[in-house]
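Take a look at the structure below.
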Amino acid sequence: MTVLDNRPNTALLVIDVQKGVVADAHDRDRVVATIGHLVGRARSAGVDVVWIQHHDDGLVRDSEGWELVPELDRGESEPLVHKSYGDAFEDTDLEKVLAHRGIGRLIVTGAQTDQCVRCTLHGAFVRGYDATLVADAHTTSDLSSYGAPSPDEVIAHTNLYWQYQVAPGRTAGTVSAAEVDFARA
């Protein structure tokens, strides 16, 4: 139901599942495996998989920490968008990639829940995309020593508020990985 014209297609967005980003992430192995399973299901259904890869002063491009985790294998024809801001749309070619493929609906996974996942969800939604968060396919690190809630609370809160996100002509919400229906996408 996106407000974007001629955008009937769906993409699975995999945000920043990089060695240095998820090294100490909450429930890392299960989340990465869940994302891997979703990637396989999306490919089988002919749904685009779009990979997002962050770099900044603390996560240097071409360093080991910058690399995608070895458990996930990006297909040669699958777009890779490089970013240096939380919102994957800011100062990147993500919008162009999605427009070229007729994508108006995003299924969102990745890391960090309280930064790049959240920023990209909001960025997509305000730009007119339908944006669904896969509730059990995103994670974050423990920043409680800085006053943040525990990672499980950050994830639960994000799932809670995104479940009820609304705006004219767009859909949002959360689903479990098991509930993602790529055949209907």
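Scheme for the structure tokens: letters A, B, ... for chains in order shown; per-chain residue numbers from 1; ligand numbers from 1 in order shown.
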(request) Would you mind writing down, as a ChimeraX atom specification, each residue of chain A that DSSP on the backbone assigns to alpha helix (DSSP H)? (result) /A:19-22,28-44,94-100,118-126,151-163
Can you build me a table of segment 48-104 of chain A residues sitting at most 12 Å from segment 1-5 of chain A, with the closest atom pair per residue and its distance in Å to one decimal, using only C-alpha atoms, sorted by chain and residue number, as a Markdown table?
| residue | atom | partner | partner_atom | distance |
| --- | --- | --- | --- | --- |
| A:Glu95 | CA | A:Leu4 | CA | 11.4 |
| A:Leu98 | CA | A:Leu4 | CA | 11.0 |
| A:Ala99 | CA | A:Leu4 | CA | 9.2 |
| A:Gly102 | CA | A:Asp5 | CA | 8.8 |
| A:Ile103 | CA | A:Leu4 | CA | 8.9 |
| A:Gly104 | CA | A:Thr2 | CA | 5.8 |
(message) Report as a PyMOL selection string all protein, DNA and RNA residues lying within 8 Å of segment 141-151 of chain A, evaluated on only C-alpha atoms, omitting residues in the same chain fewer than 2 positions from it.
(response) chain A and resi 22+24-26+112+139+153-155
(message) I need the strand (DSSP E or B) residues of segment 24-89 of chain A per DSSP on the backbone, written as a PyMOL selection string.
(response) chain A and resi 48-54+56+59+68+80-83
Next, the residues of the selection above should be written as a PDB file, in the first residue's frame with N, CA, C and O atoms.
ATOM      1  N   ASP A  48      13.941  -9.509  -3.949  1.00  0.00           N
ATOM      2  CA  ASP A  48      15.261  -8.892  -3.867  1.00  0.00           C
ATOM      3  C   ASP A  48      15.779  -8.863  -2.434  1.00  0.00           C
ATOM      4  O   ASP A  48      15.022  -8.614  -1.491  1.00  0.00           O
ATOM      5  N   VAL A  49      17.072  -9.109  -2.293  1.00  0.00           N
ATOM      6  CA  VAL A  49      17.770  -8.940  -1.020  1.00  0.00           C
ATOM      7  C   VAL A  49      18.738  -7.779  -1.226  1.00  0.00           C
ATOM      8  O   VAL A  49      19.552  -7.801  -2.145  1.00  0.00           O
ATOM      9  N   VAL A  50      18.604  -6.760  -0.376  1.00  0.00           N
ATOM     10  CA  VAL A  50      19.458  -5.577  -0.465  1.00  0.00           C
ATOM     11  C   VAL A  50      20.282  -5.504   0.807  1.00  0.00           C
ATOM     12  O   VAL A  50      19.744  -5.518   1.915  1.00  0.00           O
ATOM     13  N   TRP A  51      21.597  -5.435   0.637  1.00  0.00           N
ATOM     14  CA  TRP A  51      22.544  -5.439   1.753  1.00  0.00           C
ATOM     15  C   TRP A  51      23.020  -4.024   2.028  1.00  0.00           C
ATOM     16  O   TRP A  51      23.329  -3.268   1.107  1.00  0.00           O
ATOM     17  N   ILE A  52      23.081  -3.679   3.305  1.00  0.00           N
ATOM     18  CA  ILE A  52      23.562  -2.368   3.740  1.00  0.00           C
ATOM     19  C   ILE A  52      24.836  -2.600   4.551  1.00  0.00           C
ATOM     20  O   ILE A  52      24.882  -3.469   5.420  1.00  0.00           O
ATOM     21  N   GLN A  53      25.865  -1.788   4.268  1.00  0.00           N
ATOM     22  CA  GLN A  53      27.149  -1.949   4.943  1.00  0.00           C
ATOM     23  C   GLN A  53      27.661  -0.587   5.410  1.00  0.00           C
ATOM     24  O   GLN A  53      27.865   0.317   4.605  1.00  0.00           O
ATOM     25  N   HIS A  54      27.840  -0.460   6.715  1.00  0.00           N
ATOM     26  CA  HIS A  54      28.228   0.801   7.344  1.00  0.00           C
ATOM     27  C   HIS A  54      29.748   0.962   7.388  1.00  0.00           C
ATOM     28  O   HIS A  54      30.479  -0.005   7.527  1.00  0.00           O
ATOM     29  N   ASP A  56      32.582   4.125   9.066  1.00  0.00           N
ATOM     30  CA  ASP A  56      32.851   5.426   9.684  1.00  0.00           C
ATOM     31  C   ASP A  56      34.245   5.349  10.301  1.00  0.00           C
ATOM     32  O   ASP A  56      34.971   4.383  10.059  1.00  0.00           O
ATOM     33  N   LEU A  59      34.643   2.174  12.204  1.00  0.00           N
ATOM     34  CA  LEU A  59      34.425   0.949  11.423  1.00  0.00           C
ATOM     35  C   LEU A  59      34.944   1.239  10.018  1.00  0.00           C
ATOM     36  O   LEU A  59      34.205   1.620   9.111  1.00  0.00           O
ATOM     37  N   LEU A  68      31.069  -8.219   6.028  1.00  0.00           N
ATOM     38  CA  LEU A  68      29.844  -8.915   6.403  1.00  0.00           C
ATOM     39  C   LEU A  68      30.221 -10.193   7.138  1.00  0.00           C
ATOM     40  O   LEU A  68      31.290 -10.768   6.896  1.00  0.00           O
ATOM     41  N   LEU A  80      24.540  -3.946  -2.931  1.00  0.00           N
ATOM     42  CA  LEU A  80      25.230  -3.621  -1.689  1.00  0.00           C
ATOM     43  C   LEU A  80      25.317  -2.104  -1.613  1.00  0.00           C
ATOM     44  O   LEU A  80      25.877  -1.460  -2.500  1.00  0.00           O
ATOM     45  N   VAL A  81      24.717  -1.541  -0.568  1.00  0.00           N
ATOM     46  CA  VAL A  81      24.683  -0.095  -0.380  1.00  0.00           C
ATOM     47  C   VAL A  81      25.608   0.261   0.778  1.00  0.00           C
ATOM     48  O   VAL A  81      25.454  -0.260   1.881  1.00  0.00           O
ATOM     49  N   HIS A  82      26.572   1.121   0.504  1.00  0.00           N
ATOM     50  CA  HIS A  82      27.507   1.577   1.532  1.00  0.00           C
ATOM     51  C   HIS A  82      26.963   2.850   2.159  1.00  0.00           C
ATOM     52  O   HIS A  82      26.476   3.731   1.455  1.00  0.00           O
ATOM     53  N   LYS A  83      27.051   2.930   3.487  1.00  0.00           N
ATOM     54  CA  LYS A  83      26.531   4.107   4.180  1.00  0.00           C
ATOM     55  C   LYS A  83      27.475   4.525   5.297  1.00  0.00           C
ATOM     56  O   LYS A  83      28.286   3.734   5.769  1.00  0.00           O
TER      57      LYS A  83
END
(request) May I ask which of the residues A:Asp114, A:Glu71, A:Asp87, A:Glu78 is the closest one to Val32 of chain A, counting only C-alpha atoms? (result)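 Comparing A:Asp114, A:Glu71, A:Asp87, A:Glu78 against Val32 of chain A, the winner is A:Glu71.
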(request) Tell me, as a VMD selection string, which residues lie within 10 Å of Leu12 of chain A, counting only C-alpha atoms; anything in the same chain fewer than 3 positions away does not count. (result) chain A and resid 15 35 38 to 39 41 to 43 47 to 51 105 to 109 132 134 182
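Taking only C-alpha atoms into account, His55 of chain A lies nearest to A:Ser84 out of the set A:Ser84, A:Asn6, A:Ser77, A:Thr34.
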(request) Excluding Val31 of chain A and any residue of its chain fewer than 5 positions from it, enumerate the residues within 8 Å of it, using only C-alpha atoms, and give them as a ChimeraX atom specification. (result) /A:136-139
(request) Quote the spacing between atom CA of Arg127 of chain A and atom CA of Gly110 of chain A in Å to one decimal place. (result) 19.9 Å
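The environment of Trp162 of chain A within 12 Å, counting only C-alpha atoms and disregarding residues fewer than 6 places along the same chain, consists of Val108, Thr113, Val117, Arg118, Cys119, Leu121, His122, Phe125, Asp130, Ala131, Thr132, Leu133, Val134, Ala135, Ile155, Ala156, Thr171, Ala172, Gly173, Thr174 and Val175 of chain A.
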Could you take the residues named above and write them with N, CA, C and O atoms, as an mmCIF file, in the first residue's frame?
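Saved file result-v4.cif follows:
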data_model
loop_
_atom_site.group_PDB
_atom_site.id
_atom_site.type_symbol
_atom_site.label_atom_id
_atom_site.label_comp_id
_atom_site.auth_asym_id
_atom_site.auth_seq_id
_atom_site.Cartn_x
_atom_site.Cartn_y
_atom_site.Cartn_z
ATOM 1 N N VAL A 108 12.562 -5.506 7.048
ATOM 2 C CA VAL A 108 13.810 -4.995 7.627
ATOM 3 C C VAL A 108 14.371 -5.930 8.697
ATOM 4 O O VAL A 108 13.652 -6.362 9.601
ATOM 5 N N THR A 113 19.750 -2.341 16.520
ATOM 6 C CA THR A 113 18.336 -2.021 16.687
ATOM 7 C C THR A 113 18.111 -0.558 17.002
ATOM 8 O O THR A 113 17.280 0.102 16.384
ATOM 9 N N VAL A 117 19.028 0.312 12.454
ATOM 10 C CA VAL A 117 17.741 -0.311 12.124
ATOM 11 C C VAL A 117 16.623 0.703 12.333
ATOM 12 O O VAL A 117 15.794 0.932 11.448
ATOM 13 N N ARG A 118 16.601 1.320 13.502
ATOM 14 C CA ARG A 118 15.559 2.302 13.820
ATOM 15 C C ARG A 118 15.601 3.490 12.856
ATOM 16 O O ARG A 118 14.558 3.925 12.350
ATOM 17 N N CYS A 119 16.756 4.034 12.603
ATOM 18 C CA CYS A 119 16.877 5.187 11.703
ATOM 19 C C CYS A 119 16.403 4.843 10.294
ATOM 20 O O CYS A 119 15.705 5.633 9.650
ATOM 21 N N LEU A 121 14.311 2.375 9.394
ATOM 22 C CA LEU A 121 12.858 2.172 9.410
ATOM 23 C C LEU A 121 12.133 3.514 9.274
ATOM 24 O O LEU A 121 11.243 3.666 8.427
ATOM 25 N N HIS A 122 12.509 4.461 10.109
ATOM 26 C CA HIS A 122 11.867 5.778 10.057
ATOM 27 C C HIS A 122 12.149 6.471 8.732
ATOM 28 O O HIS A 122 11.247 7.088 8.145
ATOM 29 N N PHE A 125 9.912 4.947 6.072
ATOM 30 C CA PHE A 125 8.501 5.264 6.291
ATOM 31 C C PHE A 125 8.181 6.702 5.878
ATOM 32 O O PHE A 125 7.196 6.954 5.190
ATOM 33 N N ASP A 130 6.366 1.186 2.610
ATOM 34 C CA ASP A 130 5.838 0.294 3.629
ATOM 35 C C ASP A 130 7.067 -0.324 4.287
ATOM 36 O O ASP A 130 8.016 -0.718 3.589
ATOM 37 N N ALA A 131 7.078 -0.413 5.600
ATOM 38 C CA ALA A 131 8.268 -0.900 6.305
ATOM 39 C C ALA A 131 7.869 -1.840 7.435
ATOM 40 O O ALA A 131 7.263 -1.418 8.423
ATOM 41 N N THR A 132 8.214 -3.094 7.267
ATOM 42 C CA THR A 132 7.910 -4.128 8.256
ATOM 43 C C THR A 132 9.206 -4.577 8.914
ATOM 44 O O THR A 132 10.159 -4.941 8.228
ATOM 45 N N LEU A 133 9.227 -4.563 10.229
ATOM 46 C CA LEU A 133 10.385 -5.007 11.005
ATOM 47 C C LEU A 133 10.193 -6.469 11.382
ATOM 48 O O LEU A 133 9.145 -6.844 11.904
ATOM 49 N N VAL A 134 11.204 -7.292 11.121
ATOM 50 C CA VAL A 134 11.144 -8.692 11.534
ATOM 51 C C VAL A 134 11.590 -8.736 12.996
ATOM 52 O O VAL A 134 12.762 -8.522 13.317
ATOM 53 N N ALA A 135 10.627 -8.998 13.873
ATOM 54 C CA ALA A 135 10.803 -8.837 15.316
ATOM 55 C C ALA A 135 11.930 -9.680 15.898
ATOM 56 O O ALA A 135 12.572 -9.270 16.866
ATOM 57 N N ILE A 155 15.245 -4.123 22.135
ATOM 58 C CA ILE A 155 14.614 -4.878 21.047
ATOM 59 C C ILE A 155 13.105 -4.956 21.269
ATOM 60 O O ILE A 155 12.315 -4.692 20.350
ATOM 61 N N ALA A 156 12.693 -5.284 22.486
ATOM 62 C CA ALA A 156 11.262 -5.392 22.790
ATOM 63 C C ALA A 156 10.550 -4.050 22.610
ATOM 64 O O ALA A 156 9.446 -4.001 22.045
ATOM 65 N N THR A 171 1.986 1.216 5.254
ATOM 66 C CA THR A 171 1.830 0.223 6.305
ATOM 67 C C THR A 171 3.163 0.007 6.990
ATOM 68 O O THR A 171 4.223 0.148 6.385
ATOM 69 N N ALA A 172 3.076 -0.318 8.249
ATOM 70 C CA ALA A 172 4.248 -0.650 9.055
ATOM 71 C C ALA A 172 3.842 -1.837 9.903
ATOM 72 O O ALA A 172 2.777 -2.418 9.718
ATOM 73 N N GLY A 173 4.684 -2.193 10.836
ATOM 74 C CA GLY A 173 4.360 -3.266 11.747
ATOM 75 C C GLY A 173 5.529 -4.193 11.948
ATOM 76 O O GLY A 173 6.617 -3.987 11.402
ATOM 77 N N THR A 174 5.282 -5.178 12.779
ATOM 78 C CA THR A 174 6.291 -6.196 13.044
ATOM 79 C C THR A 174 5.691 -7.563 12.776
ATOM 80 O O THR A 174 4.481 -7.768 12.926
ATOM 81 N N VAL A 175 6.536 -8.478 12.369
ATOM 82 C CA VAL A 175 6.172 -9.883 12.198
ATOM 83 C C VAL A 175 7.350 -10.717 12.662
ATOM 84 O O VAL A 175 8.485 -10.244 12.676
#
(request) Just the residues within 12 Å of Pro70 of chain A, please, counting only C-alpha atoms, with nothing from its chain fewer than 5 positions along; format it as a list in words. (result)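 Non-adjacent residues within range: Val17, Gln18, Lys19, Gly20, Val22, Ala23, Asp29, Val32, Ala33, Gly36, Glu64 and Gly65 of chain A.
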